[in-house]
Every structure is written in structure tokens, then in C-alpha cells.
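*Asks:* Following this line is start.pdb, made up of PDB, C-alpha atoms:
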ATOM      1  CA  MET A   1      22.380  55.538 164.041  1.00  0.00           C
ATOM      2  CA  SER A   2      22.155  51.894 162.984  1.00  0.00           C
ATOM      3  CA  SER A   3      24.460  50.362 160.374  1.00  0.00           C
ATOM      4  CA  ASP A   4      21.452  49.892 158.079  1.00  0.00           C
ATOM      5  CA  THR A   5      20.539  53.578 158.335  1.00  0.00           C
ATOM      6  CA  LYS A   6      24.130  54.645 157.701  1.00  0.00           C
ATOM      7  CA  LEU A   7      24.362  52.427 154.621  1.00  0.00           C
ATOM      8  CA  ARG A   8      21.076  53.740 153.243  1.00  0.00           C
ATOM      9  CA  GLU A   9      22.228  57.328 153.629  1.00  0.00           C
ATOM     10  CA  GLN A  10      25.680  56.607 152.204  1.00  0.00           C
ATOM     11  CA  MET A  11      24.190  54.987 149.102  1.00  0.00           C
ATOM     12  CA  CYS A  12      21.948  57.993 148.479  1.00  0.00           C
ATOM     13  CA  VAL A  13      24.720  60.548 149.077  1.00  0.00           C
ATOM     14  CA  LEU A  14      27.109  58.785 146.695  1.00  0.00           C
ATOM     15  CA  ALA A  15      24.407  58.303 144.068  1.00  0.00           C
ATOM     16  CA  LYS A  16      23.508  61.998 144.199  1.00  0.00           C
ATOM     17  CA  SER A  17      27.175  62.923 143.818  1.00  0.00           C
ATOM     18  CA  LEU A  18      27.380  60.811 140.650  1.00  0.00           C
ATOM     19  CA  PHE A  19      24.169  62.376 139.345  1.00  0.00           C
ATOM     20  CA  ASP A  20      25.164  65.950 140.167  1.00  0.00           C
ATOM     21  CA  ARG A  21      28.401  65.560 138.199  1.00  0.00           C
ATOM     22  CA  GLY A  22      26.644  64.194 135.123  1.00  0.00           C
ATOM     23  CA  LEU A  23      27.859  60.599 135.398  1.00  0.00           C
ATOM     24  CA  THR A  24      24.331  59.291 134.950  1.00  0.00           C
ATOM     25  CA  GLY A  25      21.174  61.217 134.179  1.00  0.00           C
ATOM     26  CA  GLY A  26      17.401  61.092 134.428  1.00  0.00           C
ATOM     27  CA  SER A  27      16.239  57.799 135.910  1.00  0.00           C
ATOM     28  CA  THR A  28      19.265  55.845 134.662  1.00  0.00           C
ATOM     29  CA  GLY A  29      21.737  53.916 136.778  1.00  0.00           C
ATOM     30  CA  ASN A  30      21.295  51.630 139.753  1.00  0.00           C
ATOM     31  CA  ILE A  31      23.179  50.825 142.920  1.00  0.00           C
ATOM     32  CA  SER A  32      23.125  48.037 145.516  1.00  0.00           C
ATOM     33  CA  ALA A  33      25.026  47.123 148.667  1.00  0.00           C
ATOM     34  CA  ARG A  34      25.269  44.225 151.098  1.00  0.00           C
ATOM     35  CA  THR A  35      23.822  44.704 154.570  1.00  0.00           C
ATOM     36  CA  LEU A  36      25.538  43.316 157.658  1.00  0.00           C
ATOM     37  CA  ASP A  37      23.076  40.427 157.862  1.00  0.00           C
ATOM     38  CA  GLY A  38      23.764  39.345 154.279  1.00  0.00           C
ATOM     39  CA  GLY A  39      20.787  41.053 152.683  1.00  0.00           C
ATOM     40  CA  LEU A  40      20.786  43.711 149.983  1.00  0.00           C
ATOM     41  CA  LEU A  41      19.726  47.330 149.661  1.00  0.00           C
ATOM     42  CA  VAL A  42      18.935  48.275 146.066  1.00  0.00           C
ATOM     43  CA  SER A  43      17.842  51.444 144.278  1.00  0.00           C
ATOM     44  CA  PRO A  44      14.196  51.197 143.151  1.00  0.00           C
ATOM     45  CA  THR A  45      13.048  50.817 139.577  1.00  0.00           C
ATOM     46  CA  GLY A  46      12.558  54.086 137.713  1.00  0.00           C
ATOM     47  CA  SER A  47      14.334  56.103 140.398  1.00  0.00           C
ATOM     48  CA  SER A  48      16.804  58.937 139.844  1.00  0.00           C
ATOM     49  CA  PHE A  49      20.246  58.943 141.429  1.00  0.00           C
ATOM     50  CA  GLY A  50      19.642  62.621 142.174  1.00  0.00           C
ATOM     51  CA  ARG A  51      16.564  61.954 144.305  1.00  0.00           C
ATOM     52  CA  LEU A  52      16.929  58.608 146.042  1.00  0.00           C
ATOM     53  CA  ASP A  53      15.056  58.317 149.345  1.00  0.00           C
ATOM     54  CA  PRO A  54      16.917  56.217 151.940  1.00  0.00           C
ATOM     55  CA  ALA A  55      13.629  54.942 153.376  1.00  0.00           C
ATOM     56  CA  ARG A  56      12.368  53.708 150.001  1.00  0.00           C
ATOM     57  CA  LEU A  57      15.390  51.640 148.927  1.00  0.00           C
ATOM     58  CA  SER A  58      14.441  48.057 148.090  1.00  0.00           C
ATOM     59  CA  LEU A  59      15.402  45.629 150.854  1.00  0.00           C
ATOM     60  CA  PHE A  60      16.163  41.953 150.304  1.00  0.00           C
ATOM     61  CA  ASP A  61      16.887  39.388 152.989  1.00  0.00           C
ATOM     62  CA  ALA A  62      19.844  37.000 152.888  1.00  0.00           C
ATOM     63  CA  ARG A  63      17.755  34.459 150.927  1.00  0.00           C
ATOM     64  CA  GLY A  64      17.034  36.962 148.170  1.00  0.00           C
ATOM     65  CA  HIS A  65      13.431  37.710 149.103  1.00  0.00           C
ATOM     66  CA  HIS A  66      12.130  41.261 148.669  1.00  0.00           C
ATOM     67  CA  ILE A  67      10.968  42.223 152.156  1.00  0.00           C
ATOM     68  CA  GLY A  68      10.705  46.015 152.144  1.00  0.00           C
ATOM     69  CA  GLY A  69      10.845  49.283 150.260  1.00  0.00           C
ATOM     70  CA  ASP A  70       9.907  49.957 146.650  1.00  0.00           C
ATOM     71  CA  MET A  71      10.288  47.441 143.834  1.00  0.00           C
ATOM     72  CA  PRO A  72      13.944  47.080 142.787  1.00  0.00           C
ATOM     73  CA  THR A  73      15.649  48.089 139.561  1.00  0.00           C
ATOM     74  CA  LYS A  74      14.924  45.897 136.547  1.00  0.00           C
ATOM     75  CA  GLU A  75      18.693  45.354 136.316  1.00  0.00           C
ATOM     76  CA  MET A  76      18.680  43.026 139.336  1.00  0.00           C
ATOM     77  CA  PRO A  77      20.060  40.162 137.193  1.00  0.00           C
ATOM     78  CA  LEU A  78      23.300  42.157 136.807  1.00  0.00           C
ATOM     79  CA  HIS A  79      23.632  42.812 140.515  1.00  0.00           C
ATOM     80  CA  SER A  80      22.725  39.264 141.531  1.00  0.00           C
ATOM     81  CA  ALA A  81      25.269  37.796 139.121  1.00  0.00           C
ATOM     82  CA  PHE A  82      28.137  39.746 140.673  1.00  0.00           C
ATOM     83  CA  TYR A  83      27.153  38.813 144.230  1.00  0.00           C
ATOM     84  CA  GLU A  84      26.768  35.171 143.254  1.00  0.00           C
ATOM     85  CA  THR A  85      30.153  34.897 141.542  1.00  0.00           C
ATOM     86  CA  ARG A  86      32.338  37.265 143.579  1.00  0.00           C
ATOM     87  CA  SER A  87      32.443  36.617 147.323  1.00  0.00           C
ATOM     88  CA  SER A  88      34.341  39.903 147.794  1.00  0.00           C
ATOM     89  CA  ALA A  89      31.496  41.983 146.315  1.00  0.00           C
ATOM     90  CA  GLY A  90      29.942  44.275 148.893  1.00  0.00           C
ATOM     91  CA  ALA A  91      28.344  46.668 146.410  1.00  0.00           C
ATOM     92  CA  VAL A  92      27.527  46.995 142.713  1.00  0.00           C
ATOM     93  CA  VAL A  93      27.058  50.198 140.692  1.00  0.00           C
ATOM     94  CA  HIS A  94      25.752  50.576 137.141  1.00  0.00           C
ATOM     95  CA  LEU A  95      25.821  53.898 135.261  1.00  0.00           C
ATOM     96  CA  HIS A  96      24.970  55.232 131.818  1.00  0.00           C
ATOM     97  CA  SER A  97      28.107  57.386 131.772  1.00  0.00           C
ATOM     98  CA  ALA A  98      28.600  59.095 128.413  1.00  0.00           C
ATOM     99  CA  HIS A  99      32.319  58.642 127.737  1.00  0.00           C
ATOM    100  CA  SER A 100      32.406  54.926 128.511  1.00  0.00           C
ATOM    101  CA  VAL A 101      29.302  54.342 126.385  1.00  0.00           C
ATOM    102  CA  ALA A 102      30.841  56.374 123.553  1.00  0.00           C
ATOM    103  CA  LEU A 103      34.030  54.316 123.716  1.00  0.00           C
ATOM    104  CA  SER A 104      31.970  51.110 123.502  1.00  0.00           C
ATOM    105  CA  LEU A 105      30.549  52.318 120.174  1.00  0.00           C
ATOM    106  CA  LEU A 106      33.926  52.406 118.461  1.00  0.00           C
ATOM    107  CA  GLU A 107      34.899  49.459 116.316  1.00  0.00           C
ATOM    108  CA  ASP A 108      37.748  47.064 117.119  1.00  0.00           C
ATOM    109  CA  GLN A 109      37.416  47.220 120.909  1.00  0.00           C
ATOM    110  CA  ASP A 110      39.081  44.376 122.819  1.00  0.00           C
ATOM    111  CA  PRO A 111      36.302  42.309 124.479  1.00  0.00           C
ATOM    112  CA  ASP A 112      38.783  40.911 126.993  1.00  0.00           C
ATOM    113  CA  ASN A 113      40.146  44.296 128.085  1.00  0.00           C
ATOM    114  CA  PHE A 114      37.901  47.178 127.061  1.00  0.00           C
ATOM    115  CA  LEU A 115      39.959  50.053 128.472  1.00  0.00           C
ATOM    116  CA  PRO A 116      43.265  51.068 126.880  1.00  0.00           C
ATOM    117  CA  LEU A 117      46.177  50.840 129.288  1.00  0.00           C
ATOM    118  CA  LEU A 118      46.695  54.541 129.941  1.00  0.00           C
ATOM    119  CA  THR A 119      47.069  55.013 133.727  1.00  0.00           C
ATOM    120  CA  PRO A 120      47.996  52.890 136.729  1.00  0.00           C
ATOM    121  CA  TYR A 121      44.765  53.816 138.512  1.00  0.00           C
ATOM    122  CA  ALA A 122      42.359  52.066 136.170  1.00  0.00           C
ATOM    123  CA  ILE A 123      44.412  48.889 136.482  1.00  0.00           C
ATOM    124  CA  MET A 124      44.577  49.191 140.279  1.00  0.00           C
ATOM    125  CA  LYS A 125      40.855  49.832 140.776  1.00  0.00           C
ATOM    126  CA  LEU A 126      39.348  47.758 137.967  1.00  0.00           C
ATOM    127  CA  GLY A 127      41.704  45.113 136.654  1.00  0.00           C
ATOM    128  CA  LYS A 128      40.646  44.087 133.152  1.00  0.00           C
ATOM    129  CA  VAL A 129      37.204  45.304 132.086  1.00  0.00           C
ATOM    130  CA  ALA A 130      35.286  42.815 129.941  1.00  0.00           C
ATOM    131  CA  LEU A 131      33.244  44.250 127.071  1.00  0.00           C
ATOM    132  CA  LEU A 132      29.880  42.505 126.773  1.00  0.00           C
ATOM    133  CA  PRO A 133      27.562  42.765 123.750  1.00  0.00           C
ATOM    134  CA  LEU A 134      24.295  44.656 123.517  1.00  0.00           C
ATOM    135  CA  PHE A 135      21.402  43.353 125.604  1.00  0.00           C
ATOM    136  CA  LEU A 136      17.948  44.825 125.952  1.00  0.00           C
ATOM    137  CA  PRO A 137      17.550  46.713 129.254  1.00  0.00           C
ATOM    138  CA  GLY A 138      16.518  44.349 132.017  1.00  0.00           C
ATOM    139  CA  ASP A 139      17.354  41.223 130.001  1.00  0.00           C
ATOM    140  CA  ALA A 140      18.274  38.378 132.358  1.00  0.00           C
ATOM    141  CA  ALA A 141      20.892  37.334 129.783  1.00  0.00           C
ATOM    142  CA  MET A 142      23.087  40.156 131.104  1.00  0.00           C
ATOM    143  CA  GLY A 143      23.342  38.304 134.391  1.00  0.00           C
ATOM    144  CA  ASP A 144      24.125  35.080 132.555  1.00  0.00           C
ATOM    145  CA  ALA A 145      26.945  36.857 130.688  1.00  0.00           C
ATOM    146  CA  VAL A 146      28.429  38.065 133.974  1.00  0.00           C
ATOM    147  CA  ARG A 147      28.136  34.581 135.463  1.00  0.00           C
ATOM    148  CA  GLY A 148      29.974  33.300 132.397  1.00  0.00           C
ATOM    149  CA  LEU A 149      33.013  35.260 133.565  1.00  0.00           C
ATOM    150  CA  ALA A 150      33.127  32.983 136.634  1.00  0.00           C
ATOM    151  CA  GLY A 151      33.862  35.797 139.054  1.00  0.00           C
ATOM    152  CA  LYS A 152      37.120  36.721 137.335  1.00  0.00           C
ATOM    153  CA  ARG A 153      36.152  40.347 136.609  1.00  0.00           C
ATOM    154  CA  SER A 154      35.041  43.097 138.974  1.00  0.00           C
ATOM    155  CA  ALA A 155      33.925  45.316 136.091  1.00  0.00           C
ATOM    156  CA  VAL A 156      32.158  44.918 132.779  1.00  0.00           C
ATOM    157  CA  MET A 157      31.125  47.318 130.045  1.00  0.00           C
ATOM    158  CA  LEU A 158      27.746  46.724 128.446  1.00  0.00           C
ATOM    159  CA  ALA A 159      28.095  47.893 124.843  1.00  0.00           C
ATOM    160  CA  HIS A 160      25.708  50.716 123.896  1.00  0.00           C
ATOM    161  CA  HIS A 161      24.561  50.817 127.526  1.00  0.00           C
ATOM    162  CA  GLY A 162      26.992  51.477 130.365  1.00  0.00           C
ATOM    163  CA  PRO A 163      29.540  50.142 132.871  1.00  0.00           C
ATOM    164  CA  VAL A 164      28.859  47.876 135.856  1.00  0.00           C
ATOM    165  CA  VAL A 165      31.380  47.614 138.698  1.00  0.00           C
ATOM    166  CA  ALA A 166      31.515  45.551 141.882  1.00  0.00           C
ATOM    167  CA  GLY A 167      33.573  46.672 144.867  1.00  0.00           C
ATOM    168  CA  LYS A 168      34.276  45.630 148.445  1.00  0.00           C
ATOM    169  CA  ASP A 169      31.855  48.325 149.616  1.00  0.00           C
ATOM    170  CA  VAL A 170      29.709  51.035 148.097  1.00  0.00           C
ATOM    171  CA  GLU A 171      32.392  53.713 148.269  1.00  0.00           C
ATOM    172  CA  ALA A 172      34.960  51.486 146.572  1.00  0.00           C
ATOM    173  CA  ALA A 173      32.510  50.549 143.825  1.00  0.00           C
ATOM    174  CA  CYS A 174      31.657  54.199 143.158  1.00  0.00           C
ATOM    175  CA  ASN A 175      35.332  55.201 143.095  1.00  0.00           C
ATOM    176  CA  ALA A 176      36.137  52.400 140.679  1.00  0.00           C
ATOM    177  CA  ILE A 177      33.324  53.201 138.250  1.00  0.00           C
ATOM    178  CA  GLU A 178      34.413  56.844 138.233  1.00  0.00           C
ATOM    179  CA  GLU A 179      37.914  55.670 137.310  1.00  0.00           C
ATOM    180  CA  LEU A 180      36.420  53.662 134.459  1.00  0.00           C
ATOM    181  CA  GLU A 181      34.606  56.713 133.119  1.00  0.00           C
ATOM    182  CA  ASP A 182      37.694  58.929 133.500  1.00  0.00           C
ATOM    183  CA  THR A 183      39.809  56.425 131.603  1.00  0.00           C
ATOM    184  CA  ALA A 184      37.219  56.175 128.838  1.00  0.00           C
ATOM    185  CA  ARG A 185      37.286  59.971 128.575  1.00  0.00           C
ATOM    186  CA  LEU A 186      41.084  59.932 128.289  1.00  0.00           C
ATOM    187  CA  ALA A 187      40.817  57.262 125.611  1.00  0.00           C
ATOM    188  CA  LEU A 188      38.426  59.395 123.567  1.00  0.00           C
ATOM    189  CA  LEU A 189      40.513  62.542 124.025  1.00  0.00           C
ATOM    190  CA  THR A 190      43.569  60.754 122.667  1.00  0.00           C
ATOM    191  CA  HIS A 191      41.812  58.567 120.094  1.00  0.00           C
ATOM    192  CA  GLY A 192      43.638  58.572 116.772  1.00  0.00           C
ATOM    193  CA  MET A 193      46.726  60.158 118.289  1.00  0.00           C
ATOM    194  CA  ALA A 194      50.178  58.607 118.706  1.00  0.00           C
ATOM    195  CA  ARG A 195      49.593  58.102 122.427  1.00  0.00           C
ATOM    196  CA  ARG A 196      51.911  56.249 124.804  1.00  0.00           C
ATOM    197  CA  GLN A 197      50.314  53.360 126.683  1.00  0.00           C
ATOM    198  CA  LEU A 198      51.744  51.513 129.648  1.00  0.00           C
ATOM    199  CA  ASN A 199      54.168  48.815 128.569  1.00  0.00           C
ATOM    200  CA  ALA A 200      54.224  45.195 129.731  1.00  0.00           C
ATOM    201  CA  ALA A 201      56.891  45.788 132.389  1.00  0.00           C
ATOM    202  CA  GLN A 202      55.000  48.738 133.858  1.00  0.00           C
ATOM    203  CA  ILE A 203      51.763  46.768 133.942  1.00  0.00           C
ATOM    204  CA  LYS A 204      53.494  43.855 135.665  1.00  0.00           C
ATOM    205  CA  ASP A 205      54.890  46.198 138.338  1.00  0.00           C
ATOM    206  CA  ILE A 206      51.439  47.680 139.001  1.00  0.00           C
ATOM    207  CA  VAL A 207      49.739  44.289 139.145  1.00  0.00           C
ATOM    208  CA  THR A 208      52.382  42.908 141.496  1.00  0.00           C
ATOM    209  CA  LYS A 209      52.643  45.904 143.832  1.00  0.00           C
ATOM    210  CA  PHE A 210      48.895  46.392 144.229  1.00  0.00           C
ATOM    211  CA  ASP A 211      47.879  42.707 144.068  1.00  0.00           C
ATOM    212  CA  VAL A 212      45.567  43.243 141.087  1.00  0.00           C
ATOM    213  CA  GLU A 213      43.436  40.479 139.579  1.00  0.00           C
ATOM    214  CA  TRP A 214      44.997  40.319 136.137  1.00  0.00           C
ATOM    215  CA  GLU A 215      44.743  37.179 134.073  1.00  0.00           C
ATOM    216  CA  SER A 216      46.962  36.886 131.012  1.00  0.00           C
TER     217      SER A 216
END
How does this structure look as C-alpha cells?

*Replies:*
Amino acid sequence: MSSDTKLREQMCVLAKSLFDRGLTGGSTGNISARTLDGGLLVSPTGSSFGRLDPARLSLFDARGHHIGGDMPTKEMPLHSAFYETRSSAGAVVHLHSAHSVALSLLEDQDPDNFLPLLTPYAIMKLGKVALLPLFLPGDAAMGDAVRGLAGKRSAVMLAHHGPVVAGKDVEAACNAIEELEDTARLALLTHGMARRQLNAAQIKDIVTKFDVEWES
């Protein structure tokens, strides 16, 4: 089995797992991954994570030309922006996960660090998650907003819309976006309570031990 075939199948298996567990529904969400030759495989426009066909994934060459498969997701500007600004990005995942979207609807969210500091794992897998404003679906301005972060964030939350996460490979990106959704769920479960968050010393230990991108 070629590396391209393996990657196609892995993308579809992981996408279906996210769909089956209710992390994105209907024809929402999109996923992309770098191929060995520097191209991209991308989920097609209007496709469902529960029914992706490995043979129909959109294929781009290393110059960004669409050379095979169905037409790509309309959220390509998001994916392209992460690949352009983060050399470590090997995959990008975007979901419409309910808890993270719900958290983005609450007032007084920190645009610099959307997730409350509740567990070490969100810090380890995501670093700080930037909260971006509302954009219309498919708006190229979403990509511009990601580029404006200058590659300093691996994850963003689109308000009223959903999270987008870049990872070193497709498995890492999927694991990280699941951590984002889990943390958002914890935040909602404890919202309004006298909860204990990680303190500055604990955060520093996590960032240092696990070499996390964490700008002050």
C-alpha cells in the first residue's frame, strides 16, 4: 500500500470517528493533510465526515494546483493559511463541535486565550487558542485572520462557528481538536462555579517540561 493510499484511508477513518461520536454533524467539518511530495489531500466540499471516500478526496500538488478528486471544501483559505504560516503543520482539522461553539457564544471570552486553564493536556496539545470573530462560511478573511497570527498559534476558535487546529500529522491534529472540545465541555460544566484553574507556576512547569509554544 502506497503512502498516499494509507494517508487517504487514515484521514477517512479519523473523520468517521469524529462524526460517529458527534463531534461534527451533517456535512460540516473539513480535514486536510500534507502528502510526502508536498501536496495536499483535502475533504471535498459538501461532504460528510461520516461518509468520506478515500478515492474522492481533493488532491493538490506542491504548487497549490487542484489536480485530482472532487472540488475541495470552501474553507480552503483556513487550511492554506495554516500551511503557509506554520512550517510544522502536516494536517489541519476544522469541526463544528457543539461545546466549543457554545463556549464561544459566552460574553467576556479572552481573545488571546479562549480556553480556561483547567487541565495540563489542553496546554500541552494546543498552547493558547486564539478566539477569532464571526466570519461568513468560506470567507477568505478567515485565512487572513490566521495569517495575522504570524504562525504563533496552532489552534484558533472561530466564534459562532467552530475550532480549527493544525498538527504535525493528521492523527495529532485530530487528537488536539478533541482536547479542545473536551476542555470547552469542562468549561461549560463548571461555568459559574468556584472552580480551581491552573496557577502560573503550574502552567510554567507544563510549558517548560513539554516545550509548549506559549507566548506571554

*Asks:* Could you check the closest approach to Asp144 of chain A for each of A:Gly64, A:Gly69, A:Pro77, A:Gly167 and tell me which residue wins, using only C-alpha atoms?

*Replies:*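 Ranked by minimum distance to Asp144 of chain A, first place goes to A:Pro77.
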
*Asks:* Go through the shown structure with the PyMOL selection byres ((chain A and resi 102) around 10) and write out the matching residues as a list in words.

*Replies:*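 On the file shown, the PyMOL selection byres ((chain A and resi 102) around 10) covers Ser97, Ala98, His99, Ser100, Val101, Leu103, Ser104, Leu105, Leu106, Ala159, His160, His161, Gly162, Ala184, Arg185 and Leu188 of chain A.
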
*Asks:* Under the rule that all atoms listed in the file are counted, which of A:Ser87, A:Leu131, A:Asp20, A:Leu115 is the nearest residue to Val164 of chain A?

*Replies:* A:Leu131

*Asks:* Got a sec: who's within 10 Å of Lys16 of chain A, counting all atoms listed in the file, leaving out chain neighbours fewer than 4 positions off, as a ChimeraX atom specification?

*Replies:* /A:10-12,20-24,48-52

*Asks:* Measuring atom to atom with all atoms listed in the file, identify which of A:Gly39, A:Gly25, A:Gly192, A:Gly143 is nearest to Ala91 of chain A.

*Replies:*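 Closest to Ala91 of chain A, using all atoms listed in the file: A:Gly39.
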
*Asks:* Residue by residue, what does the PyMOL selection byres ((chain A and resi 197) around 6) grab here? Present the result as a list in words.

*Replies:*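 Taken over the shown coordinates, the PyMOL selection byres ((chain A and resi 197) around 6) returns Leu117, Leu118, Arg196 and Leu198 of chain A.
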